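*Asks:* Input file: structure37.cif. Contents: mmCIF, C-alpha atoms and all ligand atoms.
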data_model
#
loop_
_atom_site.group_PDB
_atom_site.id
_atom_site.type_symbol
_atom_site.label_atom_id
_atom_site.label_comp_id
_atom_site.auth_asym_id
_atom_site.auth_seq_id
_atom_site.Cartn_x
_atom_site.Cartn_y
_atom_site.Cartn_z
ATOM 1 C CA MET B 1 8.873 12.467 -18.223
ATOM 2 C CA PRO B 2 8.905 10.472 -14.956
ATOM 3 C CA ILE B 3 10.959 7.287 -14.921
ATOM 4 C CA PRO B 4 8.867 4.147 -15.611
ATOM 5 C CA LYS B 5 8.145 2.272 -12.412
ATOM 6 C CA ALA B 6 5.848 -0.156 -10.600
ATOM 7 C CA GLU B 7 3.895 0.924 -7.556
ATOM 8 C CA LEU B 8 3.660 -1.885 -5.012
ATOM 9 C CA HIS B 9 2.479 -0.147 -1.840
ATOM 10 C CA LEU B 10 -0.634 1.886 -2.459
ATOM 11 C CA HIS B 11 -3.874 1.724 -0.477
ATOM 12 C CA ILE B 12 -6.680 2.599 -2.868
ATOM 13 C CA GLU B 13 -8.640 4.121 0.041
ATOM 14 C CA GLY B 14 -5.596 6.331 0.663
ATOM 15 C CA THR B 15 -5.971 7.907 -2.763
ATOM 16 C CA LEU B 16 -9.270 9.537 -1.754
ATOM 17 C CA GLU B 17 -8.555 13.210 -2.420
ATOM 18 C CA PRO B 18 -10.616 15.781 -0.452
ATOM 19 C CA GLU B 19 -12.354 16.983 -3.623
ATOM 20 C CA LEU B 20 -13.604 13.481 -4.441
ATOM 21 C CA ALA B 21 -14.484 12.801 -0.782
ATOM 22 C CA LEU B 22 -16.705 15.883 -0.674
ATOM 23 C CA ARG B 23 -18.265 15.059 -4.038
ATOM 24 C CA LEU B 24 -19.083 11.497 -2.937
ATOM 25 C CA ALA B 25 -20.391 12.760 0.415
ATOM 26 C CA GLU B 26 -22.860 14.936 -1.450
ATOM 27 C CA ARG B 27 -23.761 12.209 -3.954
ATOM 28 C CA ASN B 28 -24.466 9.726 -1.152
ATOM 29 C CA GLY B 29 -26.018 12.106 1.383
ATOM 30 C CA VAL B 30 -23.204 11.530 3.897
ATOM 31 C CA THR B 31 -22.508 14.347 6.345
ATOM 32 C CA LEU B 32 -18.827 15.031 6.986
ATOM 33 C CA PRO B 33 -17.637 17.334 9.760
ATOM 34 C CA TYR B 34 -15.689 19.430 7.217
ATOM 35 C CA ALA B 35 -17.238 22.309 5.295
ATOM 36 C CA ASP B 36 -14.842 22.377 2.360
ATOM 37 C CA VAL B 37 -11.594 21.114 0.842
ATOM 38 C CA ALA B 38 -9.491 23.520 2.913
ATOM 39 C CA GLY B 39 -11.189 22.403 6.132
ATOM 40 C CA LEU B 40 -10.582 18.801 5.251
ATOM 41 C CA ARG B 41 -6.940 19.304 4.274
ATOM 42 C CA ALA B 42 -6.363 21.108 7.561
ATOM 43 C CA ALA B 43 -7.236 17.839 9.326
ATOM 44 C CA TYR B 44 -4.321 16.080 7.599
ATOM 45 C CA ARG B 45 -1.914 16.477 10.496
ATOM 46 C CA PHE B 46 -0.873 13.294 12.154
ATOM 47 C CA ASP B 47 1.031 12.337 15.297
ATOM 48 C CA ASP B 48 1.417 8.670 14.439
ATOM 49 C CA LEU B 49 -0.134 5.816 12.466
ATOM 50 C CA GLN B 50 -3.248 5.622 14.679
ATOM 51 C CA SER B 51 -4.130 9.311 14.320
ATOM 52 C CA PHE B 52 -3.945 8.882 10.544
ATOM 53 C CA LEU B 53 -6.005 5.678 10.608
ATOM 54 C CA ASP B 54 -8.754 7.458 12.571
ATOM 55 C CA LEU B 55 -9.259 9.949 9.736
ATOM 56 C CA TYR B 56 -8.650 7.378 6.983
ATOM 57 C CA TYR B 57 -11.430 5.078 8.265
ATOM 58 C CA ARG B 58 -13.772 7.984 8.956
ATOM 59 C CA LEU B 59 -13.416 9.508 5.510
ATOM 60 C CA MET B 60 -13.911 6.273 3.635
ATOM 61 C CA ASP B 61 -17.517 6.280 4.863
ATOM 62 C CA VAL B 62 -18.302 8.303 1.721
ATOM 63 C CA LEU B 63 -17.540 5.180 -0.371
ATOM 64 C CA ARG B 64 -20.884 3.416 -0.685
ATOM 65 C CA THR B 65 -21.650 2.213 -4.203
ATOM 66 C CA GLU B 66 -19.895 0.216 -6.881
ATOM 67 C CA GLN B 67 -19.584 3.443 -8.894
ATOM 68 C CA ASP B 68 -17.809 5.161 -5.965
ATOM 69 C CA PHE B 69 -15.081 2.504 -5.968
ATOM 70 C CA THR B 70 -14.793 2.715 -9.747
ATOM 71 C CA ASP B 71 -14.418 6.511 -9.583
ATOM 72 C CA LEU B 72 -11.804 6.191 -6.836
ATOM 73 C CA ALA B 73 -9.671 3.673 -8.736
ATOM 74 C CA ASP B 74 -10.093 5.542 -11.982
ATOM 75 C CA ALA B 75 -8.849 8.795 -10.455
ATOM 76 C CA TYR B 76 -5.788 6.971 -9.086
ATOM 77 C CA LEU B 77 -4.969 5.314 -12.408
ATOM 78 C CA ALA B 78 -5.171 8.614 -14.290
ATOM 79 C CA ARG B 79 -2.698 10.151 -11.841
ATOM 80 C CA ALA B 80 -0.495 7.068 -11.778
ATOM 81 C CA ARG B 81 -0.071 7.317 -15.537
ATOM 82 C CA GLU B 82 1.289 10.855 -15.135
ATOM 83 C CA GLN B 83 3.654 9.542 -12.458
ATOM 84 C CA GLY B 84 5.295 7.030 -14.804
ATOM 85 C CA VAL B 85 3.561 4.020 -13.231
ATOM 86 C CA ARG B 86 3.418 1.055 -15.639
ATOM 87 C CA HIS B 87 2.287 -1.575 -13.175
ATOM 88 C CA ALA B 88 0.371 -1.145 -9.901
ATOM 89 C CA GLU B 89 -0.344 -3.714 -7.185
ATOM 90 C CA ILE B 90 -3.123 -2.060 -5.243
ATOM 91 C CA PHE B 91 -4.132 -2.741 -1.625
ATOM 92 C CA PHE B 92 -7.740 -2.652 -0.561
ATOM 93 C CA ASP B 93 -9.273 -3.080 2.922
ATOM 94 C CA PRO B 94 -12.506 -5.089 2.502
ATOM 95 C CA GLN B 95 -13.216 -5.267 6.253
ATOM 96 C CA ALA B 96 -13.249 -1.467 6.487
ATOM 97 C CA HIS B 97 -16.195 -1.559 4.079
ATOM 98 C CA THR B 98 -18.077 -4.724 5.060
ATOM 99 C CA ALA B 99 -18.029 -3.562 8.711
ATOM 100 C CA ARG B 100 -20.158 -0.560 7.716
ATOM 101 C CA GLY B 101 -22.540 -2.484 5.488
ATOM 102 C CA VAL B 102 -20.901 -2.212 2.064
ATOM 103 C CA ALA B 103 -20.739 -5.694 0.532
ATOM 104 C CA PHE B 104 -17.436 -7.297 -0.450
ATOM 105 C CA ASP B 105 -18.825 -7.864 -3.955
ATOM 106 C CA THR B 106 -19.703 -4.163 -4.311
ATOM 107 C CA VAL B 107 -16.133 -3.143 -3.457
ATOM 108 C CA LEU B 108 -14.522 -5.704 -5.712
ATOM 109 C CA ALA B 109 -16.871 -5.124 -8.653
ATOM 110 C CA GLY B 110 -16.316 -1.361 -8.401
ATOM 111 C CA LEU B 111 -12.547 -1.615 -8.292
ATOM 112 C CA SER B 112 -12.475 -4.253 -11.025
ATOM 113 C CA ALA B 113 -14.498 -2.094 -13.395
ATOM 114 C CA ALA B 114 -11.685 0.470 -13.352
ATOM 115 C CA LEU B 115 -8.801 -1.997 -13.251
ATOM 116 C CA ASP B 116 -10.061 -4.268 -16.027
ATOM 117 C CA SER B 117 -9.606 -1.552 -18.654
ATOM 118 C CA SER B 118 -6.541 0.057 -17.092
ATOM 119 C CA GLU B 119 -4.021 -1.478 -19.470
ATOM 120 C CA GLU B 120 -6.031 -0.372 -22.487
ATOM 121 C CA ARG B 121 -6.788 3.145 -21.185
ATOM 122 C CA TYR B 122 -3.644 4.020 -19.244
ATOM 123 C CA GLY B 123 -1.047 1.430 -20.243
ATOM 124 C CA ILE B 124 -0.923 0.254 -16.616
ATOM 125 C CA THR B 125 -1.154 -3.424 -15.699
ATOM 126 C CA THR B 126 -2.669 -4.026 -12.277
ATOM 127 C CA GLY B 127 -3.056 -6.474 -9.432
ATOM 128 C CA LEU B 128 -5.187 -6.312 -6.291
ATOM 129 C CA ILE B 129 -3.899 -7.140 -2.815
ATOM 130 C CA LEU B 130 -6.574 -7.969 -0.249
ATOM 131 C CA CYS B 131 -5.433 -6.632 3.130
ATOM 132 C CA PHE B 132 -6.530 -8.044 6.465
ATOM 133 C CA LEU B 133 -6.994 -5.481 9.229
ATOM 134 C CA ARG B 134 -4.533 -6.618 11.892
ATOM 135 C CA ASP B 135 -6.376 -4.873 14.738
ATOM 136 C CA ARG B 136 -9.385 -7.120 14.070
ATOM 137 C CA PRO B 137 -9.616 -10.818 15.060
ATOM 138 C CA GLU B 138 -8.094 -13.482 12.824
ATOM 139 C CA GLU B 139 -11.537 -15.109 12.451
ATOM 140 C CA GLU B 140 -12.671 -12.013 10.568
ATOM 141 C CA ALA B 141 -9.676 -12.285 8.236
ATOM 142 C CA LEU B 142 -10.549 -15.928 7.564
ATOM 143 C CA ALA B 143 -14.179 -14.984 6.851
ATOM 144 C CA THR B 144 -12.994 -12.258 4.460
ATOM 145 C CA LEU B 145 -10.848 -14.785 2.640
ATOM 146 C CA GLU B 146 -13.914 -17.040 2.311
ATOM 147 C CA GLU B 147 -15.820 -14.153 0.743
ATOM 148 C CA ALA B 148 -12.963 -13.583 -1.674
ATOM 149 C CA LYS B 149 -12.916 -17.188 -2.878
ATOM 150 C CA PRO B 150 -15.236 -16.739 -5.878
ATOM 151 C CA HIS B 151 -13.022 -13.843 -7.050
ATOM 152 C CA LEU B 152 -9.527 -15.270 -6.794
ATOM 153 C CA ASP B 153 -8.876 -14.674 -10.494
ATOM 154 C CA ARG B 154 -8.965 -10.957 -9.647
ATOM 155 C CA ILE B 155 -6.798 -11.085 -6.514
ATOM 156 C CA THR B 156 -3.020 -11.364 -6.646
ATOM 157 C CA ALA B 157 -2.035 -11.470 -2.981
ATOM 158 C CA VAL B 158 -3.044 -10.925 0.616
ATOM 159 C CA GLY B 159 -1.515 -8.244 2.847
ATOM 160 C CA LEU B 160 -1.744 -7.098 6.457
ATOM 161 C CA ASP B 161 -2.296 -3.480 7.468
ATOM 162 C CA SER B 162 -3.813 -1.091 10.065
ATOM 163 C CA ALA B 163 -2.513 -0.585 13.637
ATOM 164 C CA GLU B 164 0.759 -2.494 13.871
ATOM 165 C CA VAL B 165 2.024 -2.311 17.450
ATOM 166 C CA GLY B 166 0.338 -4.955 19.619
ATOM 167 C CA ASN B 167 -0.874 -6.868 16.544
ATOM 168 C CA PRO B 168 2.070 -9.055 15.533
ATOM 169 C CA PRO B 169 2.103 -11.022 12.285
ATOM 170 C CA SER B 170 1.848 -14.344 14.162
ATOM 171 C CA LYS B 171 -1.760 -13.449 15.027
ATOM 172 C CA PHE B 172 -2.580 -14.220 11.362
ATOM 173 C CA ALA B 173 -0.710 -17.511 10.898
ATOM 174 C CA ARG B 174 -3.831 -19.487 9.928
ATOM 175 C CA ALA B 175 -5.180 -16.831 7.556
ATOM 176 C CA TYR B 176 -1.859 -16.697 5.696
ATOM 177 C CA GLU B 177 -1.629 -20.476 5.565
ATOM 178 C CA ARG B 178 -5.099 -20.571 4.014
ATOM 179 C CA ALA B 179 -4.225 -17.778 1.552
ATOM 180 C CA SER B 180 -1.125 -19.693 0.513
ATOM 181 C CA GLU B 181 -3.200 -22.859 -0.042
ATOM 182 C CA LEU B 182 -5.454 -20.782 -2.291
ATOM 183 C CA GLY B 183 -2.449 -19.884 -4.434
ATOM 184 C CA LEU B 184 -2.230 -16.233 -3.421
ATOM 185 C CA HIS B 185 1.015 -14.295 -3.034
ATOM 186 C CA LEU B 186 1.797 -13.089 0.498
ATOM 187 C CA VAL B 187 2.945 -9.665 1.750
ATOM 188 C CA ALA B 188 2.586 -7.855 5.095
ATOM 189 C CA HIS B 189 3.215 -4.451 6.631
ATOM 190 C CA ALA B 190 5.963 -4.909 9.219
ATOM 191 C CA GLY B 191 8.604 -2.714 10.790
ATOM 192 C CA GLU B 192 6.729 0.528 10.097
ATOM 193 C CA GLU B 193 6.059 1.396 13.765
ATOM 194 C CA GLY B 194 6.566 -2.146 15.000
ATOM 195 C CA PRO B 195 9.910 -3.707 15.966
ATOM 196 C CA PRO B 196 12.294 -5.752 13.789
ATOM 197 C CA GLU B 197 10.911 -8.862 15.483
ATOM 198 C CA TYR B 198 7.642 -8.303 13.562
ATOM 199 C CA VAL B 199 9.602 -8.405 10.289
ATOM 200 C CA ARG B 200 11.139 -11.732 11.336
ATOM 201 C CA GLU B 201 7.698 -13.081 12.235
ATOM 202 C CA ALA B 202 6.266 -11.985 8.899
ATOM 203 C CA LEU B 203 9.027 -13.978 7.186
ATOM 204 C CA ASP B 204 9.124 -17.014 9.478
ATOM 205 C CA VAL B 205 5.474 -17.422 10.494
ATOM 206 C CA LEU B 206 3.544 -15.892 7.591
ATOM 207 C CA HIS B 207 6.132 -16.743 4.891
ATOM 208 C CA VAL B 208 5.648 -13.428 3.128
ATOM 209 C CA GLU B 209 7.471 -12.683 -0.119
ATOM 210 C CA ARG B 210 7.722 -8.911 0.439
ATOM 211 C CA ILE B 211 7.771 -6.661 3.480
ATOM 212 C CA ASP B 212 5.747 -3.436 3.350
ATOM 213 C CA HIS B 213 7.747 -0.593 4.945
ATOM 214 C CA GLY B 214 10.321 -2.610 6.923
ATOM 215 C CA ILE B 215 12.332 0.494 7.823
ATOM 216 C CA ARG B 216 12.832 -0.609 11.426
ATOM 217 C CA SER B 217 14.718 -3.665 10.121
ATOM 218 C CA LEU B 218 17.773 -1.406 10.108
ATOM 219 C CA GLU B 219 17.884 -1.635 13.908
ATOM 220 C CA ASP B 220 18.841 -5.303 13.548
ATOM 221 C CA PRO B 221 21.981 -5.953 11.459
ATOM 222 C CA GLU B 222 21.421 -9.706 11.395
ATOM 223 C CA LEU B 223 17.946 -9.182 9.981
ATOM 224 C CA VAL B 224 19.324 -6.791 7.355
ATOM 225 C CA ALA B 225 21.885 -9.408 6.309
ATOM 226 C CA ARG B 226 19.097 -11.947 5.936
ATOM 227 C CA LEU B 227 16.870 -9.596 3.898
ATOM 228 C CA VAL B 228 19.816 -8.887 1.594
ATOM 229 C CA ALA B 229 20.803 -12.560 1.249
ATOM 230 C CA GLU B 230 17.227 -13.670 0.533
ATOM 231 C CA ARG B 231 16.537 -10.653 -1.687
ATOM 232 C CA ILE B 232 13.314 -9.849 0.152
ATOM 233 C CA PRO B 233 11.855 -6.656 -1.323
ATOM 234 C CA LEU B 234 10.897 -3.797 1.003
ATOM 235 C CA THR B 235 8.194 -1.433 -0.226
ATOM 236 C CA VAL B 236 9.337 1.836 1.326
ATOM 237 C CA CYS B 237 7.120 4.942 1.561
ATOM 238 C CA PRO B 238 9.222 8.009 2.475
ATOM 239 C CA PHE B 239 6.488 10.699 2.636
ATOM 240 C CA SER B 240 4.332 8.403 4.760
ATOM 241 C CA ASN B 241 7.180 7.733 7.189
ATOM 242 C CA VAL B 242 7.697 11.468 7.702
ATOM 243 C CA ARG B 243 3.982 12.359 7.957
ATOM 244 C CA LEU B 244 3.336 9.558 10.447
ATOM 245 C CA ARG B 245 6.466 10.519 12.380
ATOM 246 C CA CYS B 246 8.231 7.216 11.956
ATOM 247 C CA VAL B 247 11.110 9.382 10.661
ATOM 248 C CA ASP B 248 11.727 13.009 11.757
ATOM 249 C CA THR B 249 12.368 14.603 8.355
ATOM 250 C CA LEU B 250 12.972 13.443 4.788
ATOM 251 C CA ALA B 251 16.679 14.185 5.312
ATOM 252 C CA ASP B 252 16.679 11.578 8.100
ATOM 253 C CA HIS B 253 15.019 8.917 5.977
ATOM 254 C CA PRO B 254 16.975 5.631 5.880
ATOM 255 C CA LEU B 255 16.379 4.945 2.146
ATOM 256 C CA ARG B 256 19.942 5.691 1.177
ATOM 257 C CA ARG B 257 21.303 3.531 3.978
ATOM 258 C CA MET B 258 18.991 0.767 2.812
ATOM 259 C CA LEU B 259 20.386 0.930 -0.720
ATOM 260 C CA ASP B 260 23.953 1.118 0.581
ATOM 261 C CA ALA B 261 23.284 -2.011 2.638
ATOM 262 C CA GLY B 262 22.228 -3.832 -0.533
ATOM 263 C CA LEU B 263 18.543 -4.115 0.370
ATOM 264 C CA LEU B 264 16.034 -4.551 -2.446
ATOM 265 C CA ALA B 265 14.157 -1.333 -1.643
ATOM 266 C CA THR B 266 11.394 0.196 -3.743
ATOM 267 C CA VAL B 267 9.759 3.628 -3.385
ATOM 268 C CA ASN B 268 5.990 3.920 -3.105
ATOM 269 C CA SER B 269 3.315 6.355 -1.973
ATOM 270 C CA ASP B 270 1.209 4.417 0.627
ATOM 271 C CA ASP B 271 -1.717 6.903 0.995
ATOM 272 C CA PRO B 272 -0.817 9.711 -1.408
ATOM 273 C CA ALA B 273 -3.941 11.835 -0.841
ATOM 274 C CA TYR B 274 -2.961 12.145 2.838
ATOM 275 C CA PHE B 275 0.831 12.306 2.721
ATOM 276 C CA GLY B 276 1.559 15.107 0.261
ATOM 277 C CA GLY B 277 2.514 13.365 -2.930
ATOM 278 C CA TYR B 278 2.256 10.467 -5.349
ATOM 279 C CA VAL B 279 4.957 7.944 -6.158
ATOM 280 C CA ASP B 280 7.103 10.067 -8.472
ATOM 281 C CA GLU B 281 7.163 12.923 -5.944
ATOM 282 C CA ASN B 282 8.213 10.417 -3.296
ATOM 283 C CA LEU B 283 11.014 9.234 -5.552
ATOM 284 C CA THR B 284 12.296 12.561 -6.867
ATOM 285 C CA ASP B 285 12.028 14.542 -3.607
ATOM 286 C CA THR B 286 13.631 11.795 -1.547
ATOM 287 C CA ALA B 287 16.397 11.347 -4.119
ATOM 288 C CA ALA B 288 17.088 15.098 -4.100
ATOM 289 C CA VAL B 289 17.093 15.454 -0.321
ATOM 290 C CA LEU B 290 19.219 12.353 0.271
ATOM 291 C CA GLY B 291 21.514 13.064 -2.682
ATOM 292 C CA LEU B 292 20.844 9.762 -4.430
ATOM 293 C CA THR B 293 22.748 9.250 -7.696
ATOM 294 C CA ASP B 294 20.966 8.744 -11.028
ATOM 295 C CA ASP B 295 22.171 5.192 -10.848
ATOM 296 C CA GLN B 296 20.477 4.690 -7.471
ATOM 297 C CA VAL B 297 17.229 6.145 -8.813
ATOM 298 C CA ARG B 298 17.398 3.735 -11.755
ATOM 299 C CA THR B 299 18.066 0.886 -9.319
ATOM 300 C CA LEU B 300 14.947 1.839 -7.328
ATOM 301 C CA ALA B 301 12.840 1.814 -10.494
ATOM 302 C CA ARG B 302 14.333 -1.505 -11.607
ATOM 303 C CA ASN B 303 13.759 -2.965 -8.121
ATOM 304 C CA SER B 304 10.073 -2.088 -8.384
ATOM 305 C CA PHE B 305 9.651 -4.323 -11.432
ATOM 306 C CA GLU B 306 11.847 -7.013 -9.938
ATOM 307 C CA ALA B 307 9.747 -7.077 -6.758
ATOM 308 C CA ALA B 308 6.414 -7.107 -8.617
ATOM 309 C CA PHE B 309 4.299 -10.238 -8.957
ATOM 310 C CA LEU B 310 4.708 -10.353 -12.724
ATOM 311 C CA ASP B 311 5.224 -13.275 -15.035
ATOM 312 C CA ASP B 312 8.662 -13.362 -16.640
ATOM 313 C CA ALA B 313 7.487 -12.197 -20.061
ATOM 314 C CA THR B 314 5.702 -9.122 -18.658
ATOM 315 C CA ARG B 315 8.617 -8.309 -16.354
ATOM 316 C CA ALA B 316 11.015 -8.511 -19.300
ATOM 317 C CA ARG B 317 8.845 -6.020 -21.149
ATOM 318 C CA TYR B 318 9.304 -3.483 -18.345
ATOM 319 C CA LEU B 319 12.973 -4.008 -17.477
HETATM 320 N N1 LIG B 401 -3.473 1.527 6.095
HETATM 321 C C1 LIG B 401 -3.309 2.526 5.229
HETATM 322 N N2 LIG B 401 -2.067 3.020 5.311
HETATM 323 C C2 LIG B 401 -1.408 2.291 6.244
HETATM 324 C C3 LIG B 401 -0.109 2.299 6.780
HETATM 325 N N3 LIG B 401 0.821 3.172 6.386
HETATM 326 N N4 LIG B 401 0.199 1.414 7.750
HETATM 327 C C4 LIG B 401 -0.718 0.549 8.170
HETATM 328 N N5 LIG B 401 -1.953 0.485 7.694
HETATM 329 C C5 LIG B 401 -2.305 1.347 6.740
HETATM 330 ZN ZN ZN B 402 0.695 0.951 3.820
#
Written as structure tokens, how would this file's structure read?
*Replies:*
Amino acid sequence: MPIPKAELHLHIEGTLEPELALRLAERNGVTLPYADVAGLRAAYRFDDLQSFLDLYYRLMDVLRTEQDFTDLADAYLARAREQGVRHAEIFFDPQAHTARGVAFDTVLAGLSAALDSSEERYGITTGLILCFLRDRPEEEALATLEEAKPHLDRITAVGLDSAEVGNPPSKFARAYERASELGLHLVAHAGEEGPPEYVREALDVLHVERIDHGIRSLEDPELVARLVAERIPLTVCPFSNVRLRCVDTLADHPLRRMLDAGLLATVNSDDPAYFGGYVDENLTDTAAVLGLTDDQVRTLARNSFEAAFLDDATRARYL
């Protein structure tokens, strides 16, 4: 039985398995340039973050109706249960949907329909993290936040994702300030492909509480010391880092060095349909390849609950 854990870095659109993508394409009359599951899987070869994002945004065009988003989230939750996930904080990319004519309310209602009964059906508590697309203007992020306002009871945090290099965190200073005023938690992708300076900016300008990825922080010892001292969680995604060529092979992954440095690292799956495994595979394969001790694996699982946006009573239940 997989070790109980929280998943804190999971893009719901990145859980779109080829089988479901093809089924939704047919249901919605969307033509994809792939004949079958094998043809689609063959396209899952990436040179970097951008080459992945190109396919990720293209494939999500099959998501059109409220029911599509419910089916997507439901399929993830069923798998997450098998992976030992007890709590999931799930990213979604509203702008990737509103830009192609799918309403914010359709996305949120669809996801909520699955998430609202998740605890009862799967024993998984959930939160939603609204991500701003960092390669789009800040005005669009602010408009998205406005659209989210009637639904803040359903949204735990804001995040920042998409193409990192050339889109520093400081570009979103006003959007994060507004999100903070609205009482939302704050996280951001930083230090995935981008430099350690982006991690510093996420902390100093956006005032984030967690860093998503953050692996390039290791290039800056002073930054590492700060992350350790302030106990800033890093949501690390080993399979993603290898598939997107941020790291050469799993054996080269810095996770063990991160733990040895005293960083509050957690293991997550990012976009599991695209990167070859869900969260427990990320944890067990990486642990095996890097020779992590049982104690280190338990620490990673404990870190995931510690880093989660849970109230003390719920956290105590998991720890
Ligand atoms: N969107 C989905 N997955 C992502 C990742 N790994 N980095 C940035 N944006 C993303
Ligand atoms: Zn991510």
*Asks:* Taking the point (-10.6, 6.5, -8.6) as given in the file, collect each protein or nucleic acid residue that comes within 12 Å of it, counting all atoms listed in the file, and present the set as a count of residues only.
*Replies:* 36
*Asks:* Please provide the set of residues having any atom within 12 Å of segment 52-56 of chain B, restricted to only C-alpha atoms, with same-chain residues fewer than 5 positions apart removed, written as a ChimeraX atom specification.
*Replies:* /B:11-18,21,32-34,40-47,61-63,93,96,133,135,161-164,240-241,243-245,271-275
*Asks:* Which residues, named as in the file, does the PyMOL selection byres (((chain B and resi 141-156) around 10) and not hetatm) pick out? Answer as a PyMOL selection string.
*Replies:* chain B and resi 89-90+94-95+98+103-105+108-109+112+115-116+126-134+136-140+157-158+160+172+174-176+178-179+182-186+309-310
*Asks:* So how far away is atom CA of Ser180 of chain B from atom CA of Pro168 of chain B, in Å?
*Replies:*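 Between atom CA of Pro168 of chain B and atom CA of Ser180 of chain B the gap is 18.7 Å.
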*Asks:* On this structure, which residues satisfy the PyMOL selection byres (((chain B and resi 210) around 9) and not hetatm), written as a list in words?
*Replies:*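 With the PyMOL selection byres (((chain B and resi 210) around 9) and not hetatm) on this model, the match is Leu186, Val187, Ala188, His189, Leu203, Val208, Glu209, Ile211, Asp212, Ile232, Pro233, Leu234, Thr235 and Ala307 of chain B.
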*Asks:* Quote the spacing between atom CA of Gly191 of chain B and atom CA of Val165 of chain B in Å to one decimal place.
*Replies:*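 Atom CA of Gly191 of chain B sits 9.4 Å away from atom CA of Val165 of chain B.
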*Asks:* Nearest residue to ligand LIG 401 (chain B) out of B:Val236, B:Leu263, B:Leu218, B:Val37, using only C-alpha atoms and all ligand atoms?
*Replies:*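 Closest residue, counting only C-alpha atoms and all ligand atoms: B:Val236.
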